[in-house]
>>> print(open('upload15.pdb').read())   # PDB, C-alpha atoms and all ligand atoms
ATOM      1  CA  MET T   1       0.000   0.000   0.000
ATOM      2  CA  ASN T   2       1.362   3.412  -0.934
ATOM      3  CA  HIS T   3      -1.154   6.120   0.080
ATOM      4  CA  PHE T   4      -4.191   5.522   2.302
ATOM      5  CA  THR T   5      -6.962   7.834   1.176
ATOM      6  CA  GLN T   6     -10.079   5.744   0.484
ATOM      7  CA  PHE T   7     -11.701   2.301   0.298
ATOM      8  CA  GLU T   8      -9.772   0.361  -2.364
ATOM      9  CA  ASN T   9     -11.165  -3.184  -2.448
ATOM     10  CA  ARG T  10     -12.710  -5.821  -0.220
ATOM     11  CA  PRO T  11      -9.593  -8.010   0.178
ATOM     12  CA  LEU T  12      -7.519  -5.025   1.335
ATOM     13  CA  ALA T  13     -10.281  -3.886   3.723
ATOM     14  CA  ASP T  14     -10.553  -7.415   5.163
ATOM     15  CA  GLN T  15      -6.793  -7.572   5.562
ATOM     16  CA  LEU T  16      -6.729  -4.198   7.371
ATOM     17  CA  ILE T  17      -9.568  -5.251   9.698
ATOM     18  CA  GLU T  18      -7.803  -8.517  10.521
ATOM     19  CA  LYS T  19      -4.501  -6.723  11.159
ATOM     20  CA  ALA T  20      -6.208  -4.123  13.347
ATOM     21  CA  LEU T  21      -7.860  -6.831  15.459
ATOM     22  CA  ALA T  22      -4.506  -8.578  15.878
ATOM     23  CA  TYR T  23      -2.975  -5.303  17.109
ATOM     24  CA  LYS T  24      -5.913  -4.746  19.441
ATOM     25  CA  ASN T  25      -5.170  -8.131  20.972
ATOM     26  CA  ASN T  26      -1.438  -7.419  21.241
ATOM     27  CA  PRO T  27      -0.684  -3.712  20.564
ATOM     28  CA  ARG T  28       3.103  -4.012  20.765
ATOM     29  CA  MET T  29       3.577  -7.205  18.771
ATOM     30  CA  ASP T  30       5.388  -5.230  16.036
ATOM     31  CA  ILE T  31       7.243  -2.814  18.318
ATOM     32  CA  SER T  32      10.397  -2.829  16.165
ATOM     33  CA  LYS T  33       8.688  -2.542  12.794
ATOM     34  CA  GLY T  34       8.836   1.251  12.652
ATOM     35  CA  LEU T  35      12.169   1.806  14.406
ATOM     36  CA  GLY T  36      14.036   4.724  12.855
ATOM     37  CA  LYS T  37      10.945   5.818  10.886
ATOM     38  CA  ARG T  38       9.007   9.069  11.323
ATOM     39  CA  VAL T  39       5.437  10.019  10.517
ATOM     40  CA  GLY T  40       4.578  13.718  10.209
ATOM     41  CA  CYS T  41       0.988  14.416  11.289
ATOM     42  CA  ILE T  42      -0.154  17.669   9.733
ATOM     43  CA  PHE T  43      -3.384  19.206  11.019
ATOM     44  CA  LEU T  44      -4.980  22.104   9.187
ATOM     45  CA  ASN T  45      -8.051  21.652  11.458
ATOM     46  CA  PRO T  46      -8.715  20.653  15.090
ATOM     47  CA  SER T  47      -8.735  17.047  16.344
ATOM     48  CA  LEU T  48      -8.775  14.962  19.492
ATOM     49  CA  ARG T  49      -9.125  11.310  18.394
ATOM     50  CA  THR T  50      -7.247  11.399  15.108
ATOM     51  CA  ARG T  51      -4.286  13.246  16.587
ATOM     52  CA  ALA T  52      -3.881  11.076  19.686
ATOM     53  CA  SER T  53      -4.764   7.709  18.114
ATOM     54  CA  THR T  54      -2.312   8.182  15.239
ATOM     55  CA  GLN T  55       0.470   9.048  17.679
ATOM     56  CA  ILE T  56      -0.332   6.025  19.867
ATOM     57  CA  ALA T  57      -0.467   3.794  16.776
ATOM     58  CA  ALA T  58       2.971   5.031  15.675
ATOM     59  CA  MET T  59       4.405   4.490  19.180
ATOM     60  CA  ASN T  60       3.020   0.928  19.219
ATOM     61  CA  LEU T  61       5.105   0.290  16.085
ATOM     62  CA  GLY T  62       8.235   1.890  17.538
ATOM     63  CA  MET T  63       7.793   4.773  15.101
ATOM     64  CA  GLU T  64       8.156   8.444  15.946
ATOM     65  CA  ALA T  65       5.257  10.812  15.317
ATOM     66  CA  ILE T  66       5.798  14.547  14.895
ATOM     67  CA  VAL T  67       2.573  16.512  15.106
ATOM     68  CA  MET T  68       2.224  19.949  13.562
ATOM     69  CA  ASN T  69      -0.952  21.939  14.032
ATOM     70  CA  MET T  70      -0.375  24.070  10.974
ATOM     71  CA  ASP T  71      -3.400  26.253  11.641
ATOM     72  CA  LYS T  72      -1.715  27.450  14.850
ATOM     73  CA  GLU T  73       1.993  26.532  14.833
ATOM     74  CA  GLY T  74       3.086  26.651  11.215
ATOM     75  CA  TRP T  75       3.339  29.317   8.549
ATOM     76  CA  ALA T  76       0.098  30.066   6.733
ATOM     77  CA  LEU T  77       0.225  27.946   3.572
ATOM     78  CA  GLU T  78      -0.564  29.161   0.071
ATOM     79  CA  MET T  79      -2.341  26.490  -1.955
ATOM     80  CA  LYS T  80      -2.893  28.217  -5.325
ATOM     81  CA  GLU T  81      -0.609  27.505  -8.243
ATOM     82  CA  GLY T  82       1.160  30.653  -9.483
ATOM     83  CA  ALA T  83      -0.076  32.806  -6.582
ATOM     84  CA  ILE T  84       1.493  36.234  -6.058
ATOM     85  CA  MET T  85       2.028  35.956  -2.327
ATOM     86  CA  ASN T  86       1.522  39.549  -1.223
ATOM     87  CA  LYS T  87      -1.246  38.799   1.313
ATOM     88  CA  GLY T  88      -1.630  36.579   4.386
ATOM     89  CA  THR T  89      -0.009  33.343   3.223
ATOM     90  CA  VAL T  90       3.707  32.976   3.960
ATOM     91  CA  GLU T  91       4.833  29.696   2.410
ATOM     92  CA  HIS T  92       3.708  27.800  -0.666
ATOM     93  CA  ILE T  93       2.500  24.205  -0.289
ATOM     94  CA  LYS T  94       5.074  23.235  -2.973
ATOM     95  CA  ASP T  95       7.927  24.264  -0.717
ATOM     96  CA  ALA T  96       6.419  23.160   2.586
ATOM     97  CA  ALA T  97       5.309  19.691   1.409
ATOM     98  CA  ALA T  98       8.667  19.090  -0.281
ATOM     99  CA  VAL T  99      10.435  19.871   3.007
ATOM    100  CA  MET T 100       8.089  17.498   4.846
ATOM    101  CA  GLY T 101       8.971  14.836   2.282
ATOM    102  CA  THR T 102      12.615  15.049   3.317
ATOM    103  CA  TYR T 103      11.917  15.081   7.073
ATOM    104  CA  PHE T 104       9.398  12.228   7.271
ATOM    105  CA  ASP T 105       8.962   8.701   5.918
ATOM    106  CA  VAL T 106       5.173   8.956   5.946
ATOM    107  CA  LEU T 107       2.933  12.008   5.963
ATOM    108  CA  ALA T 108      -0.555  12.113   7.490
ATOM    109  CA  VAL T 109      -2.779  15.086   6.695
ATOM    110  CA  ARG T 110      -6.078  16.549   7.888
ATOM    111  CA  ALA T 111      -7.574  19.079   5.474
ATOM    112  CA  PHE T 112     -11.285  19.873   5.790
ATOM    113  CA  PRO T 113     -13.323  21.299   2.892
ATOM    114  CA  SER T 114     -14.129  24.980   2.466
ATOM    115  CA  LEU T 115     -17.813  24.052   1.918
ATOM    116  CA  VAL T 116     -17.794  27.052  -0.429
ATOM    117  CA  ASP T 117     -15.872  25.899  -3.524
ATOM    118  CA  LYS T 118     -17.604  22.654  -4.531
ATOM    119  CA  LYS T 119     -15.245  21.867  -7.403
ATOM    120  CA  GLU T 120     -12.081  22.335  -5.373
ATOM    121  CA  ASP T 121     -13.486  20.344  -2.418
ATOM    122  CA  SER T 122     -14.765  17.529  -4.655
ATOM    123  CA  GLU T 123     -11.302  17.183  -6.215
ATOM    124  CA  ASP T 124      -9.784  17.063  -2.716
ATOM    125  CA  TYR T 125      -7.471  19.781  -3.984
ATOM    126  CA  ILE T 126      -5.598  20.655  -0.762
ATOM    127  CA  PHE T 127      -5.078  17.057   0.320
ATOM    128  CA  ASN T 128      -3.807  16.137  -3.137
ATOM    129  CA  GLN T 129      -1.293  18.991  -3.075
ATOM    130  CA  PHE T 130       0.418  17.179  -0.174
ATOM    131  CA  ILE T 131       0.538  13.970  -2.232
ATOM    132  CA  LYS T 132       1.813  15.847  -5.268
ATOM    133  CA  TYR T 133       4.622  17.755  -3.577
ATOM    134  CA  SER T 134       5.769  15.571  -0.639
ATOM    135  CA  GLY T 135       6.840  12.562  -2.713
ATOM    136  CA  ILE T 136       6.217  10.154   0.208
ATOM    137  CA  PRO T 137       3.248   7.957   1.237
ATOM    138  CA  VAL T 138       0.346  10.049   2.517
ATOM    139  CA  ILE T 139      -2.427   8.973   4.903
ATOM    140  CA  SER T 140      -5.730  10.836   5.099
ATOM    141  CA  LEU T 141      -6.607  12.071   8.585
ATOM    142  CA  GLU T 142      -9.877  13.376   7.062
ATOM    143  CA  SER T 143      -9.809  15.192   3.769
ATOM    144  CA  ALA T 144     -12.468  17.356   2.162
ATOM    145  CA  ILE T 145     -14.435  14.308   1.025
ATOM    146  CA  ARG T 146     -13.302  11.253   2.992
ATOM    147  CA  HIS T 147     -12.337  10.049   6.477
ATOM    148  CA  PRO T 148     -11.020   6.532   5.807
ATOM    149  CA  LEU T 149      -9.315   5.894   9.182
ATOM    150  CA  GLN T 150     -12.654   6.606  10.860
ATOM    151  CA  SER T 151     -14.483   4.272   8.488
ATOM    152  CA  LEU T 152     -11.958   1.505   8.997
ATOM    153  CA  ALA T 153     -12.473   1.838  12.775
ATOM    154  CA  ASP T 154     -16.238   1.765  12.142
ATOM    155  CA  MET T 155     -15.977  -1.438  10.086
ATOM    156  CA  ILE T 156     -13.925  -3.046  12.870
ATOM    157  CA  THR T 157     -16.573  -1.969  15.399
ATOM    158  CA  ILE T 158     -19.392  -3.401  13.277
ATOM    159  CA  GLN T 159     -17.521  -6.672  12.845
ATOM    160  CA  GLU T 160     -16.989  -6.943  16.610
ATOM    161  CA  ASN T 161     -20.671  -6.304  17.344
ATOM    162  CA  ILE T 162     -22.476  -8.344  14.684
ATOM    163  CA  LEU T 163     -24.991 -10.544  16.500
ATOM    164  CA  SER T 164     -25.943 -13.128  13.903
ATOM    165  CA  SER T 165     -24.383 -14.589  10.798
ATOM    166  CA  THR T 166     -26.917 -12.844   8.554
ATOM    167  CA  LYS T 167     -26.048  -9.575   6.791
ATOM    168  CA  PRO T 168     -26.562  -6.721   9.253
ATOM    169  CA  LYS T 169     -28.891  -3.867   8.345
ATOM    170  CA  VAL T 170     -26.867  -0.676   8.612
ATOM    171  CA  VAL T 171     -28.617   2.705   8.611
ATOM    172  CA  LEU T 172     -26.886   6.044   8.156
ATOM    173  CA  THR T 173     -29.178   8.745   9.485
ATOM    174  CA  TRP T 174     -28.761  12.482   9.090
ATOM    175  CA  ALA T 175     -28.998  14.483  12.332
ATOM    176  CA  PRO T 176     -29.491  18.185  13.000
ATOM    177  CA  HIS T 177     -26.536  20.503  13.751
ATOM    178  CA  ILE T 178     -25.996  24.190  14.339
ATOM    179  CA  LYS T 179     -23.159  24.523  11.792
ATOM    180  CA  ALA T 180     -22.443  23.568   8.201
ATOM    181  CA  ILE T 181     -20.570  20.272   8.544
ATOM    182  CA  PRO T 182     -18.449  18.379   5.970
ATOM    183  CA  HIS T 183     -19.630  15.292   4.045
ATOM    184  CA  ALA T 184     -16.422  13.327   4.592
ATOM    185  CA  VAL T 185     -17.540  11.033   7.432
ATOM    186  CA  ALA T 186     -20.864  10.200   5.769
ATOM    187  CA  ASN T 187     -19.240   9.673   2.336
ATOM    188  CA  SER T 188     -16.586   7.359   3.683
ATOM    189  CA  PHE T 189     -18.984   5.468   5.914
ATOM    190  CA  ALA T 190     -21.184   4.765   2.882
ATOM    191  CA  GLU T 191     -18.169   3.858   0.735
ATOM    192  CA  TRP T 192     -16.740   1.389   3.276
ATOM    193  CA  THR T 193     -20.072  -0.096   4.400
ATOM    194  CA  LEU T 194     -21.077  -0.869   0.818
ATOM    195  CA  GLY T 195     -17.556  -1.979  -0.073
ATOM    196  CA  CYS T 196     -17.506  -4.397   2.865
ATOM    197  CA  GLY T 197     -20.734  -5.942   1.611
ATOM    198  CA  HIS T 198     -23.181  -4.686   4.264
ATOM    199  CA  ASP T 199     -26.756  -3.702   3.543
ATOM    200  CA  LEU T 200     -26.958   0.119   3.770
ATOM    201  CA  THR T 201     -29.972   2.404   4.066
ATOM    202  CA  ILE T 202     -29.403   6.165   4.138
ATOM    203  CA  THR T 203     -32.076   8.458   5.540
ATOM    204  CA  HIS T 204     -32.123  12.253   5.477
ATOM    205  CA  PRO T 205     -34.481  15.153   4.791
ATOM    206  CA  GLU T 206     -34.975  16.008   1.119
ATOM    207  CA  GLY T 207     -32.149  18.150  -0.194
ATOM    208  CA  TYR T 208     -29.478  16.355   1.850
ATOM    209  CA  GLU T 209     -28.609  13.792  -0.852
ATOM    210  CA  LEU T 210     -24.901  12.948  -0.699
ATOM    211  CA  ASP T 211     -22.670  12.756  -3.776
ATOM    212  CA  ASP T 212     -23.953   9.596  -5.511
ATOM    213  CA  LYS T 213     -20.365   8.602  -6.220
ATOM    214  CA  PHE T 214     -20.346   7.377  -2.592
ATOM    215  CA  THR T 215     -23.907   6.109  -2.174
ATOM    216  CA  LYS T 216     -24.458   3.974  -5.292
ATOM    217  CA  GLY T 217     -25.911   0.674  -4.078
ATOM    218  CA  ALA T 218     -27.471   2.118  -0.910
ATOM    219  CA  ASN T 219     -31.197   2.300  -0.310
ATOM    220  CA  ILE T 220     -32.244   5.963   0.115
ATOM    221  CA  GLU T 221     -35.310   6.335   2.370
ATOM    222  CA  TYR T 222     -36.620   9.809   3.231
ATOM    223  CA  ASP T 223     -38.870   8.461   6.002
ATOM    224  CA  GLN T 224     -36.526   8.111   8.979
ATOM    225  CA  LYS T 225     -38.974   5.982  10.964
ATOM    226  CA  LYS T 226     -39.255   3.475   8.154
ATOM    227  CA  ALA T 227     -35.503   3.460   7.544
ATOM    228  CA  LEU T 228     -34.781   2.599  11.176
ATOM    229  CA  GLU T 229     -37.073  -0.465  11.333
ATOM    230  CA  GLU T 230     -35.117  -3.637  12.172
ATOM    231  CA  ALA T 231     -31.790  -1.795  12.010
ATOM    232  CA  ASP T 232     -28.766  -3.542  13.515
ATOM    233  CA  PHE T 233     -26.450  -0.519  13.378
ATOM    234  CA  VAL T 234     -27.532   3.121  13.243
ATOM    235  CA  TYR T 235     -24.806   5.604  12.327
ATOM    236  CA  VAL T 236     -25.786   9.132  13.264
ATOM    237  CA  LYS T 237     -24.156  12.051  11.464
ATOM    238  CA  ASN T 238     -24.897  15.550  10.350
ATOM    239  CA  TRP T 239     -23.769  16.881   7.005
ATOM    240  CA  SER T 240     -24.560  20.023   5.078
ATOM    241  CA  ALA T 241     -26.325  19.938   1.717
ATOM    242  CA  PHE T 242     -24.224  18.681  -1.194
ATOM    243  CA  ASN T 243     -26.384  19.846  -4.096
ATOM    244  CA  ASP T 244     -27.048  23.289  -2.593
ATOM    245  CA  TYR T 245     -23.423  23.159  -1.577
ATOM    246  CA  GLY T 246     -22.565  23.724   2.096
ATOM    247  CA  LYS T 247     -26.007  25.031   3.032
ATOM    248  CA  ILE T 248     -28.074  24.215   6.131
ATOM    249  CA  LEU T 249     -31.572  23.444   4.829
ATOM    250  CA  THR T 250     -33.199  22.434   8.120
ATOM    251  CA  THR T 251     -32.377  21.900  11.793
ATOM    252  CA  ASP T 252     -35.637  20.025  12.513
ATOM    253  CA  PRO T 253     -35.131  18.498  16.011
ATOM    254  CA  ALA T 254     -37.442  15.594  15.105
ATOM    255  CA  TRP T 255     -34.431  14.106  13.270
ATOM    256  CA  MET T 256     -32.386  13.845  16.497
ATOM    257  CA  LEU T 257     -32.215  10.155  17.381
ATOM    258  CA  ARG T 258     -33.943   9.259  20.667
ATOM    259  CA  GLU T 259     -34.888   5.966  22.250
ATOM    260  CA  THR T 260     -38.449   6.249  20.887
ATOM    261  CA  HIS T 261     -37.092   6.274  17.322
ATOM    262  CA  LEU T 262     -35.805   2.753  17.909
ATOM    263  CA  ASN T 263     -39.091   1.121  19.003
ATOM    264  CA  LYS T 264     -38.942  -1.149  15.986
ATOM    265  CA  ALA T 265     -35.213  -1.807  16.226
ATOM    266  CA  PRO T 266     -34.760  -3.390  19.652
ATOM    267  CA  GLN T 267     -31.315  -4.767  18.816
ATOM    268  CA  ALA T 268     -29.944  -1.596  17.201
ATOM    269  CA  LYS T 269     -26.516  -0.343  18.228
ATOM    270  CA  VAL T 270     -25.829   3.350  17.719
ATOM    271  CA  MET T 271     -22.636   4.801  16.291
ATOM    272  CA  HIS T 272     -21.144   8.289  15.903
ATOM    273  CA  CYS T 273     -17.580   9.298  15.047
ATOM    274  CA  LEU T 274     -17.408  12.021  17.738
ATOM    275  CA  PRO T 275     -17.225  14.875  18.601
ATOM    276  CA  VAL T 276     -20.991  14.892  19.099
ATOM    277  CA  ARG T 277     -23.277  17.800  19.967
ATOM    278  CA  ARG T 278     -25.311  16.204  22.757
ATOM    279  CA  ASN T 279     -29.058  16.746  22.608
ATOM    280  CA  ILE T 280     -28.732  18.328  19.175
ATOM    281  CA  GLU T 281     -27.427  15.389  17.095
ATOM    282  CA  LEU T 282     -28.010  12.584  19.604
ATOM    283  CA  SER T 283     -29.841  12.364  22.927
ATOM    284  CA  ASP T 284     -28.077  11.770  26.261
ATOM    285  CA  GLU T 285     -30.257   8.697  26.821
ATOM    286  CA  ILE T 286     -28.800   7.006  23.750
ATOM    287  CA  LEU T 287     -25.208   8.191  24.182
ATOM    288  CA  ASP T 288     -25.149   7.103  27.837
ATOM    289  CA  GLY T 289     -27.190   3.939  27.284
ATOM    290  CA  LYS T 290     -26.474   0.338  26.314
ATOM    291  CA  ARG T 291     -26.882   0.845  22.582
ATOM    292  CA  SER T 292     -23.992   3.246  22.219
ATOM    293  CA  LEU T 293     -20.794   2.061  20.505
ATOM    294  CA  VAL T 294     -19.182   5.499  20.324
ATOM    295  CA  GLN T 295     -16.406   4.788  22.850
ATOM    296  CA  LYS T 296     -15.600   1.474  21.145
ATOM    297  CA  GLN T 297     -15.331   3.265  17.789
ATOM    298  CA  ALA T 298     -12.955   5.818  19.305
ATOM    299  CA  GLU T 299     -10.820   3.063  20.844
ATOM    300  CA  ASN T 300     -10.649   1.271  17.494
ATOM    301  CA  ARG T 301      -9.191   4.406  15.915
ATOM    302  CA  ILE T 302      -5.834   3.384  17.440
ATOM    303  CA  TYR T 303      -5.837  -0.031  15.761
ATOM    304  CA  SER T 304      -7.161   1.241  12.470
ATOM    305  CA  ALA T 305      -4.247   3.719  12.310
ATOM    306  CA  GLN T 306      -1.797   1.050  13.453
ATOM    307  CA  ALA T 307      -2.917  -1.393  10.744
ATOM    308  CA  VAL T 308      -2.579   1.299   8.078
ATOM    309  CA  LEU T 309       0.845   2.518   9.257
ATOM    310  CA  SER T 310       2.046  -1.055   9.505
ATOM    311  CA  MET T 311       0.966  -1.855   5.965
ATOM    312  CA  ILE T 312       2.564   1.317   4.621
ATOM    313  CA  LEU T 313       5.830   0.376   6.358
ATOM    314  CA  GLU T 314       5.796  -2.881   4.374
TER     315      GLU T 314
HETATM  316  N1  LIG T 401     -13.442  14.066  12.577
HETATM  317  C1  LIG T 401     -14.695  13.902  13.051
HETATM  318  C2  LIG T 401     -15.633  14.991  12.695
HETATM  319  C3  LIG T 401     -15.044  16.266  12.227
HETATM  320  C4  LIG T 401     -16.055  17.242  11.696
HETATM  321  N2  LIG T 401     -16.859  17.712  12.787
HETATM  322  C5  LIG T 401     -16.966  18.998  13.117
HETATM  323  O1  LIG T 401     -16.398  19.821  12.447
HETATM  324  C6  LIG T 401     -17.805  19.327  14.330
HETATM  325  C7  LIG T 401     -17.731  20.786  14.661
HETATM  326  C8  LIG T 401     -18.721  21.239  15.677
HETATM  327  O2  LIG T 401     -19.526  20.476  16.209
HETATM  328  O3  LIG T 401     -18.691  22.438  15.914
HETATM  329  C9  LIG T 401     -16.910  16.512  10.658
HETATM  330  O4  LIG T 401     -18.063  16.217  10.929
HETATM  331  O5  LIG T 401     -16.389  16.229   9.555
HETATM  332  N1  LIG T 402     -13.643  11.195  14.917
HETATM  333  C1  LIG T 402     -12.620  12.044  14.739
HETATM  334  O1  LIG T 402     -11.989  12.111  13.685
HETATM  335  O2  LIG T 402     -12.354  12.822  15.813
HETATM  336  P1  LIG T 402     -11.356  14.059  15.863
HETATM  337  O3  LIG T 402     -11.942  15.105  14.960
HETATM  338  O4  LIG T 402     -11.343  14.450  17.307
HETATM  339  O5  LIG T 402     -10.032  13.627  15.375
END
>>> encode(input="upload15.pdb", output="structure tokens")
Amino acid sequence: MNHFTQFENRPLADQLIEKALAYKNNPRMDISKGLGKRVGCIFLNPSLRTRASTQIAAMNLGMEAIVMNMDKEGWALEMKEGAIMNKGTVEHIKDAAAVMGTYFDVLAVRAFPSLVDKKEDSEDYIFNQFIKYSGIPVISLESAIRHPLQSLADMITIQENILSSTKPKVVLTWAPHIKAIPHAVANSFAEWTLGCGHDLTITHPEGYELDDKFTKGANIEYDQKKALEEADFVYVKNWSAFNDYGKILTTDPAWMLRETHLNKAPQAKVMHCLPVRRNIELSDEILDGKRSLVQKQAENRIYSAQAVLSMILE
């Protein structure tokens, strides 16, 4: 594996899940694998889980992680080709990424979308500049359109919590939020869930259709109540509109998942990538109750990152 940016194929996903579970069982089994190697973790946006879990994963492999919060600690980066840099940006991505390529063996980058320029976001322009100019393997720590380390952790969590041998019914439900939120988590969750062969239903208010590049093969159901019937896993997430790009079309609180929504899904487990806006996206009763898998997902972020780093080191 060279870069890790998206779902590639089922055999690779299965291999990553298996590797992650082996590391979960024995986190330091490959403690010398990354000796003498460095991963640079570049954050253009805030993070708790991704930052800490990637560092722990690197440490478990004997690898050194250097974290740079570029939005606060680094020079403001210019991303535009041919820019005349007479304003706020200090250093061009060409120069900065090339330097990173000489300092690190692997680069890991978080670059959220603008939610303003649909074309640039859809091309994952900023993230791809790091690939283009660093010349080393790059891992996505959430780009404008995908969050593959989160999805890998989610697939591990689903696998650990499947009750029967039959195909689980997975439901991705939109939830209200006070801000315009990226599509990356929802896109990737759909991409990985479908890629791993699960049955996926997506429910959201009209106007919140995701890019169909990620949802082809899913059942789209606008009636949330109907969508949730007999669900085994319910993934709760807000995203802003994709068609009317970056807009908030509704904040209808009826879409916030509560226990009563799950009357017809007694076995349903509830997932969220965190951070979660309590009692806006998801109710306390669900987050603090028996259905919640959110802490297990967060824990699995370590092993998802460790499996990916390990495979890149090979
Ligand atoms: N990495 C996990 C989620 C990151 C981001 N959430 C946020 O920006 C939440 C911000 C807030 O709640 O104010 C998202 O959904 O893509
Ligand atoms: N789930 C997730 O990516 O969390 P952070 O934004 O805290 O890294």
>>> resolve_selection(input="upload15.pdb", expression="the PyMOL selection byres (((not hetatm)) within 9 of (chain T and resi 402))", output="VMD selection string")
chain T and resid 45 to 53 110 141 to 142 147 149 to 150 185 272 to 275 297 to 298 301
>>> resolve_selection(input="upload15.pdb", expression="the PyMOL selection byres (((chain T and resi 129) around 12) and not hetatm)", output="list in words")
Leu77, Glu78, Met79, Lys80, Glu81, His92, Ile93, Lys94, Asp95, Ala96, Ala97, Ala98, Val109, Ala111, Glu120, Glu123, Asp124, Tyr125, Ile126, Phe127, Asn128, Phe130, Ile131, Lys132, Tyr133, Ser134, Gly135, Val138 and Ser143 of chain T
>>> resolve_selection(input="upload15.pdb", expression="the PyMOL selection byres (((chain T and resi 219-228) around 7) and not hetatm)", output="PyMOL selection string")
chain T and resi 171+200-206+217-218+229-231+261-262+265
>>> closest_residue(input="upload15.pdb", among="T:Arg38, T:Arg146, T:Lys72, T:Arg28", to="T:Gln55", atoms="all atoms listed in the file")
T:Arg38
>>> axis_aligned_box(input="upload15.pdb", around="ligand LIG 401 (chain T)", padding_each_side="4 Å", output="AutoDock Vina command-line options")
--center_x -16.5 --center_y 18.2 --center_z 12.9 --size_x 14.1 --size_y 16.5 --size_z 14.7
>>> atom_distance(input="upload15.pdb", atom1="atom CA of T:Ile312", atom2="atom CA of T:Glu91")
28.6 Å
>>> atom_distance(input="upload15.pdb", atom1="atom CA of T:Gly82", atom2="atom CA of T:Ser114")
20.2 Å
>>> residues_around(input="upload15.pdb", residues="stretch 246-253 of chain T", least_positions_apart="3", cutoff="12 Å", atoms="all atoms listed in the file", output="PyMOL selection string")
chain T and resi 113-118+121+144+174-183+204-210+238-243+256-258+279-283
>>> closest_residue(input="upload15.pdb", among="T:Ile145, T:Leu172, T:Ala76, T:Ala22", to="T:Ala184", atoms="all atoms listed in the file")
T:Ile145
>>> atom_distance(input="upload15.pdb", atom1="atom CA of T:Met59", atom2="atom CA of T:Gly40")
12.9 Å
>>> closest_residue(input="upload15.pdb", among="T:Leu163, T:Leu287, T:Val170, T:Leu35", to="T:Ala65", atoms="all atoms listed in the file")
T:Leu35
>>> closest_residue(input="upload15.pdb", among="T:Ala190, T:Ala108, T:Val236, T:Met70", to="ligand LIG 401 (chain T)", atoms="all atoms listed in the file")
T:Val236
>>> closest_residue(input="upload15.pdb", among="T:Pro148, T:Pro168, T:Lys37, T:Thr193", to="ligand LIG 401 (chain T)", atoms="all atoms listed in the file")
T:Pro148
>>> closest_residue(input="upload15.pdb", among="T:Val234, T:Ala254, T:Gln267, T:Ala186", to="ligand LIG 401 (chain T)", atoms="all atoms listed in the file")
T:Ala186
>>> decode(input="upload15.pdb", residues="stretch 70-82 of chain T", atoms="N, CA and C atoms", output="short mmCIF file (atom, residue, chain, number, x, y, z; two decimals), in the first residue's frame")
data_model
loop_
_atom_site.label_atom_id
_atom_site.label_comp_id
_atom_site.auth_asym_id
_atom_site.auth_seq_id
_atom_site.Cartn_x
_atom_site.Cartn_y
_atom_site.Cartn_z
N MET T 70 -0.78 23.00 11.89
CA MET T 70 -0.37 24.07 10.97
C MET T 70 -1.26 25.31 11.09
N ASP T 71 -2.51 25.10 11.51
CA ASP T 71 -3.40 26.25 11.64
C ASP T 71 -2.94 27.17 12.77
N LYS T 72 -2.15 26.63 13.71
CA LYS T 72 -1.72 27.45 14.85
C LYS T 72 -0.20 27.61 14.91
N GLU T 73 0.54 26.53 14.58
CA GLU T 73 1.99 26.53 14.83
C GLU T 73 2.84 26.77 13.59
N GLY T 74 2.26 26.57 12.42
CA GLY T 74 3.09 26.65 11.21
C GLY T 74 2.85 27.96 10.48
N TRP T 75 3.58 28.17 9.42
CA TRP T 75 3.34 29.32 8.55
C TRP T 75 2.04 29.10 7.78
N ALA T 76 1.34 30.17 7.52
CA ALA T 76 0.10 30.07 6.73
C ALA T 76 0.46 29.63 5.32
N LEU T 77 -0.16 28.53 4.86
CA LEU T 77 0.23 27.95 3.57
C LEU T 77 -0.59 28.50 2.41
N GLU T 78 0.10 28.77 1.33
CA GLU T 78 -0.56 29.16 0.07
C GLU T 78 -0.80 27.90 -0.76
N MET T 79 -2.00 27.72 -1.22
CA MET T 79 -2.34 26.49 -1.95
C MET T 79 -2.46 26.71 -3.46
N LYS T 80 -2.61 27.95 -3.90
CA LYS T 80 -2.89 28.22 -5.32
C LYS T 80 -1.63 28.23 -6.16
N GLU T 81 -1.70 27.53 -7.27
CA GLU T 81 -0.61 27.51 -8.24
C GLU T 81 -0.39 28.92 -8.79
N GLY T 82 0.84 29.37 -8.86
CA GLY T 82 1.16 30.65 -9.48
C GLY T 82 0.74 31.87 -8.67
#
